[in-house]
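One file, protein-v6.cif, is given below (mmCIF, C-alpha atoms).
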data_start
loop_
_atom_site.label_atom_id
_atom_site.label_comp_id
_atom_site.auth_asym_id
_atom_site.auth_seq_id
_atom_site.Cartn_x
_atom_site.Cartn_y
_atom_site.Cartn_z
CA MET I 1 17.42 1.14 -18.86
CA THR I 2 20.25 -0.82 -17.30
CA PHE I 3 20.72 -4.43 -18.38
CA THR I 4 22.07 -7.53 -16.67
CA PHE I 5 22.62 -10.60 -18.86
CA THR I 6 22.92 -14.17 -17.58
CA GLY I 7 23.37 -17.41 -19.47
CA ARG I 8 22.30 -20.86 -18.31
CA LYS I 9 23.90 -23.57 -20.42
CA PHE I 10 24.11 -20.90 -23.11
CA GLU I 11 26.77 -18.36 -24.02
CA ALA I 12 25.11 -15.24 -25.42
CA THR I 13 26.96 -13.51 -28.25
CA ASP I 14 27.45 -9.75 -28.33
CA ALA I 15 25.07 -9.55 -31.30
CA LEU I 16 22.35 -11.34 -29.31
CA LYS I 17 22.87 -9.04 -26.32
CA ASP I 18 22.71 -5.98 -28.57
CA TYR I 19 19.50 -7.26 -30.16
CA ALA I 20 17.95 -7.87 -26.73
CA GLU I 21 18.98 -4.39 -25.54
CA LYS I 22 17.50 -2.79 -28.63
CA LYS I 23 14.16 -4.66 -28.42
CA ILE I 24 13.72 -4.49 -24.62
CA GLY I 25 15.00 -0.91 -24.53
CA LYS I 26 11.95 0.19 -26.54
CA ILE I 27 9.77 -0.80 -23.57
CA ASP I 28 11.57 1.81 -21.44
CA LYS I 29 9.58 4.59 -23.15
CA LEU I 30 6.46 3.24 -21.37
CA PHE I 31 7.97 4.12 -17.98
CA ARG I 32 8.51 7.52 -16.41
CA THR I 33 11.55 6.52 -14.35
CA GLU I 34 14.74 4.56 -15.04
CA SER I 35 14.27 0.78 -15.17
CA ASP I 36 16.49 -2.24 -14.52
CA ALA I 37 16.22 -5.26 -16.82
CA SER I 38 17.55 -8.72 -16.07
CA VAL I 39 17.73 -11.02 -19.09
CA THR I 40 18.47 -14.74 -18.76
CA PHE I 41 19.23 -16.88 -21.79
CA SER I 42 19.04 -20.67 -21.68
CA ALA I 43 19.02 -23.51 -24.19
CA GLU I 44 18.01 -27.12 -23.84
CA ARG I 45 17.32 -29.71 -26.54
CA GLY I 46 16.91 -27.18 -29.32
CA ARG I 47 14.54 -24.98 -27.30
CA TYR I 48 15.72 -21.46 -26.55
CA THR I 49 14.31 -19.68 -23.52
CA VAL I 50 14.50 -16.00 -22.61
CA GLU I 51 13.43 -14.80 -19.17
CA VAL I 52 13.11 -11.03 -18.80
CA THR I 53 12.47 -9.29 -15.50
CA ILE I 54 12.03 -5.52 -15.45
CA ARG I 55 12.02 -3.55 -12.22
CA ASN I 56 10.53 -0.09 -12.37
CA ASN I 57 9.45 2.08 -9.48
CA GLY I 58 8.97 -0.90 -7.14
CA MET I 59 6.96 -2.93 -9.66
CA PHE I 60 8.24 -6.09 -11.29
CA TYR I 61 7.33 -7.38 -14.73
CA ARG I 62 8.47 -10.91 -15.61
CA VAL I 63 8.07 -12.93 -18.79
CA THR I 64 9.50 -16.27 -19.88
CA GLU I 65 9.29 -17.27 -23.53
CA THR I 66 10.53 -20.45 -25.24
CA THR I 67 10.82 -21.02 -29.00
CA SER I 68 13.11 -22.79 -31.44
CA ASP I 69 15.01 -19.53 -32.15
CA MET I 70 16.56 -17.21 -29.53
CA TYR I 71 15.72 -14.07 -31.51
CA ALA I 72 12.08 -15.16 -31.79
CA SER I 73 12.04 -15.78 -28.03
CA ILE I 74 13.25 -12.22 -27.44
CA ASP I 75 10.58 -10.81 -29.78
CA SER I 76 7.85 -12.83 -28.09
CA ALA I 77 9.04 -11.80 -24.62
CA CYS I 78 9.01 -8.12 -25.61
CA ALA I 79 5.46 -8.37 -26.92
CA ALA I 80 4.32 -10.05 -23.69
CA LEU I 81 6.06 -7.38 -21.59
CA VAL I 82 4.34 -4.59 -23.49
CA ARG I 83 0.98 -6.30 -22.84
CA GLN I 84 1.79 -6.60 -19.12
CA VAL I 85 2.85 -2.97 -18.78
CA ARG I 86 -0.22 -1.68 -20.63
CA LYS I 87 -2.54 -3.95 -18.61
CA ASN I 88 -0.91 -2.71 -15.40
CA LYS I 89 -1.29 0.95 -16.38
CA THR I 90 -4.94 0.38 -17.33
CA ARG I 91 -5.65 -1.31 -13.99
CA LEU I 92 -4.00 1.50 -12.03
CA GLU I 93 -5.87 4.18 -13.98
CA LYS I 94 -9.17 2.35 -13.47
CA ARG I 95 -8.52 1.88 -9.75
CA LEU I 96 -7.59 5.53 -9.27
CA ARG I 97 -10.72 6.62 -11.13
CA GLU I 98 -13.04 4.41 -9.13
CA GLY I 99 -11.14 5.19 -5.95
CA ALA I 100 -11.97 2.12 -3.89
CA PHE I 101 -11.31 -1.56 -3.67
CA GLU I 102 -13.49 -3.80 -1.57
CA ARG I 103 -11.51 -6.41 0.26
CA SER I 104 -13.02 -9.74 1.17
CA SER I 105 -11.40 -12.36 3.33
CA SER I 106 -12.63 -15.64 4.66
CA PRO I 107 -11.09 -17.96 7.22
CA GLU I 108 -9.24 -20.88 5.73
CA ALA I 109 -9.42 -24.42 7.05
CA VAL I 110 -6.31 -25.51 8.91
CA PRO I 111 -5.09 -28.96 7.83
CA GLU I 112 -4.95 -31.65 10.48
CA ASP I 113 -1.55 -32.99 11.55
CA ASP I 114 -0.55 -36.42 10.29
CA GLU I 115 0.89 -39.00 12.66
CA GLU I 116 4.24 -38.87 10.85
CA THR I 117 6.22 -35.67 11.24
CA PRO I 118 7.49 -34.49 7.84
CA GLU I 119 11.01 -33.17 7.44
CA TYR I 120 10.99 -29.48 6.61
CA LYS I 121 14.08 -28.71 4.58
CA ILE I 122 14.46 -25.19 3.22
CA ILE I 123 15.95 -25.46 -0.26
CA ARG I 124 16.12 -21.80 -1.20
CA SER I 125 15.92 -18.55 0.71
CA LYS I 126 15.25 -15.04 -0.62
CA HIS I 127 15.56 -11.67 1.09
CA PHE I 128 13.85 -8.55 -0.16
CA ALA I 129 12.44 -5.28 1.09
CA ILE I 130 8.72 -5.40 1.75
CA LYS I 131 7.20 -2.10 0.69
CA PRO I 132 3.84 -0.69 1.80
CA MET I 133 1.12 -1.05 -0.82
CA SER I 134 -2.61 -1.62 -1.08
CA PRO I 135 -4.02 -5.16 -1.35
CA GLU I 136 -5.06 -4.59 -4.96
CA GLU I 137 -1.53 -3.47 -5.89
CA ALA I 138 -0.15 -6.60 -4.18
CA ALA I 139 -2.58 -8.84 -6.10
CA MET I 140 -1.61 -7.13 -9.35
CA GLN I 141 2.10 -7.54 -8.52
CA MET I 142 1.53 -11.24 -7.76
CA ASP I 143 -0.17 -11.73 -11.14
CA LEU I 144 2.60 -9.88 -12.97
CA LEU I 145 5.23 -12.12 -11.37
CA GLY I 146 3.19 -15.26 -11.98
CA HIS I 147 3.38 -16.29 -8.32
CA ALA I 148 0.76 -18.03 -6.18
CA PHE I 149 1.23 -15.59 -3.28
CA PHE I 150 2.79 -12.20 -2.50
CA ALA I 151 3.94 -10.74 0.84
CA PHE I 152 3.61 -7.01 1.47
CA ARG I 153 2.96 -4.33 4.09
CA ASN I 154 -0.68 -3.24 3.95
CA GLN I 155 -0.79 0.55 3.74
CA ASP I 156 -4.55 0.44 4.47
CA GLU I 157 -3.81 -1.12 7.90
CA ASP I 158 -0.86 1.06 8.98
CA GLY I 159 1.84 -1.18 7.52
CA ALA I 160 0.61 -4.50 8.95
CA PHE I 161 2.27 -7.56 7.38
CA ALA I 162 -0.05 -9.29 4.89
CA VAL I 163 -0.02 -11.96 2.20
CA VAL I 164 -2.32 -12.15 -0.83
CA TYR I 165 -2.73 -15.50 -2.53
CA LYS I 166 -4.55 -17.07 -5.45
CA ARG I 167 -7.37 -19.39 -4.38
CA ASN I 168 -8.23 -22.64 -6.14
CA ASP I 169 -11.63 -21.22 -7.12
CA GLY I 170 -9.86 -18.47 -9.12
CA GLY I 171 -10.38 -15.69 -6.58
CA TYR I 172 -7.92 -14.05 -4.23
CA GLY I 173 -7.43 -14.34 -0.50
CA MET I 174 -5.53 -12.27 2.03
CA ILE I 175 -3.92 -13.17 5.32
CA SER I 176 -2.88 -10.27 7.53
CA ASP I 177 -1.28 -9.63 10.87
CA GLU I 178 -3.43 -8.73 13.87
CA PRO I 179 -3.38 -4.98 14.58
CA GLY I 180 -1.06 -4.07 17.42
CA ASP I 181 1.29 -7.09 17.09
#
Give the structure from the file, written as structure tokens.
Amino acid sequence: MTFTFTGRKFEATDALKDYAEKKIGKIDKLFRTESDASVTFSAERGRYTVEVTIRNNGMFYRVTETTSDMYASIDSACAALVRQVRKNKTRLEKRLREGAFERSSSPEAVPEDDEETPEYKIIRSKHFAIKPMSPEEAAMQMDLLGHAFFAFRNQDEDGAFAVVYKRNDGGYGMISDEPGD
């Protein structure tokens, strides 16, 4: 596992980095291929936060833990990552056994325009490769990242652009490109 350490308002000591490598490195045995881990340390008002993102074989696992001790935050983050990885493996095994996923989509209401035109200012921009995957894999990836939506290429529809999102009622929705566009 390769590590990248970052500090936000916090300078991580070599001992802390070694501890994080040792604890997070144990998670690597759960993967078949080499993984990349990004660890961010931050401190504010006596609260120590560790954010760990692991990339393995196109899947991302992200955990943020905050405690009053940086070492305890690392331990807690590792435990949460192990739960995520095991949950992910269980879901994939179950899906492969059952062999099918039924997709449901419903049209969403389009909000009406207000009289005032809002200013649309883009604060942050990200660029990433969009890989082909099934809608259930995209929904699982979205949950693992803790995001409200996830963009992907739908392998079930010949690589059409699609977005899965979490609905207010707790379910999932999907928006996809028209075939042939």
Distance atom CA of I:Phe128-atom CA of I:Val39, one decimal place?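 Distance reported for this atom pair: 19.5 Å.
Comparing the minimum interatomic distances between I:Tyr48 and each of I:Leu144, I:Ala80, I:Ile74, I:Ala139, counting only C-alpha atoms, we find that I:Ile74 sits nearest.
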I'd like the interatomic distance between atom CA of I:Lys22 and atom CA of I:Arg45, to a tenth of an Å.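 So the answer is 27.0 Å.
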Any idea what the distance is between atom CA of I:Asn154 and atom CA of I:Met142?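 Atom-to-atom, atom CA of I:Asn154 to atom CA of I:Met142, that is 14.4 Å.
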Output the residue selection produced by the PyMOL selection byres ((chain I and resi 28) around 12) on the file above, formatted as a PyMOL selection string. chain I and resi 1-3+21-27+29-37+54-56+78+81-82+85
Written as a JSON list (two decimals) with C-alpha atoms, in the coordinates of the input, what is the full residue list that the PyMOL selection byres ((chain I and resi 147) around 12) yields on the file shown?
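Okay, selection_34.json is ready:
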[["chain", "number", "residue", "atom", "x", "y", "z"],
["I", 60, "PHE", "CA", 8.24, -6.09, -11.29],
["I", 61, "TYR", "CA", 7.33, -7.38, -14.73],
["I", 62, "ARG", "CA", 8.47, -10.91, -15.61],
["I", 63, "VAL", "CA", 8.07, -12.93, -18.79],
["I", 138, "ALA", "CA", -0.15, -6.60, -4.18],
["I", 139, "ALA", "CA", -2.58, -8.84, -6.10],
["I", 140, "MET", "CA", -1.61, -7.13, -9.35],
["I", 141, "GLN", "CA", 2.10, -7.54, -8.52],
["I", 142, "MET", "CA", 1.53, -11.24, -7.76],
["I", 143, "ASP", "CA", -0.17, -11.73, -11.14],
["I", 144, "LEU", "CA", 2.60, -9.88, -12.97],
["I", 145, "LEU", "CA", 5.23, -12.12, -11.37],
["I", 146, "GLY", "CA", 3.19, -15.26, -11.98],
["I", 148, "ALA", "CA", 0.76, -18.03, -6.18],
["I", 149, "PHE", "CA", 1.23, -15.59, -3.28],
["I", 150, "PHE", "CA", 2.79, -12.20, -2.50],
["I", 151, "ALA", "CA", 3.94, -10.74, 0.84],
["I", 163, "VAL", "CA", -0.02, -11.96, 2.20],
["I", 164, "VAL", "CA", -2.32, -12.15, -0.83],
["I", 165, "TYR", "CA", -2.73, -15.50, -2.53],
["I", 166, "LYS", "CA", -4.55, -17.07, -5.45],
["I", 167, "ARG", "CA", -7.37, -19.39, -4.38]]
Anything within 12 Å of (22.5, -14.2, -16.3): list those residues as a ChimeraX atom specification, counting all atoms listed in the file and sticking to the file's coordinates. /I:3-12,17,37-42,50-53
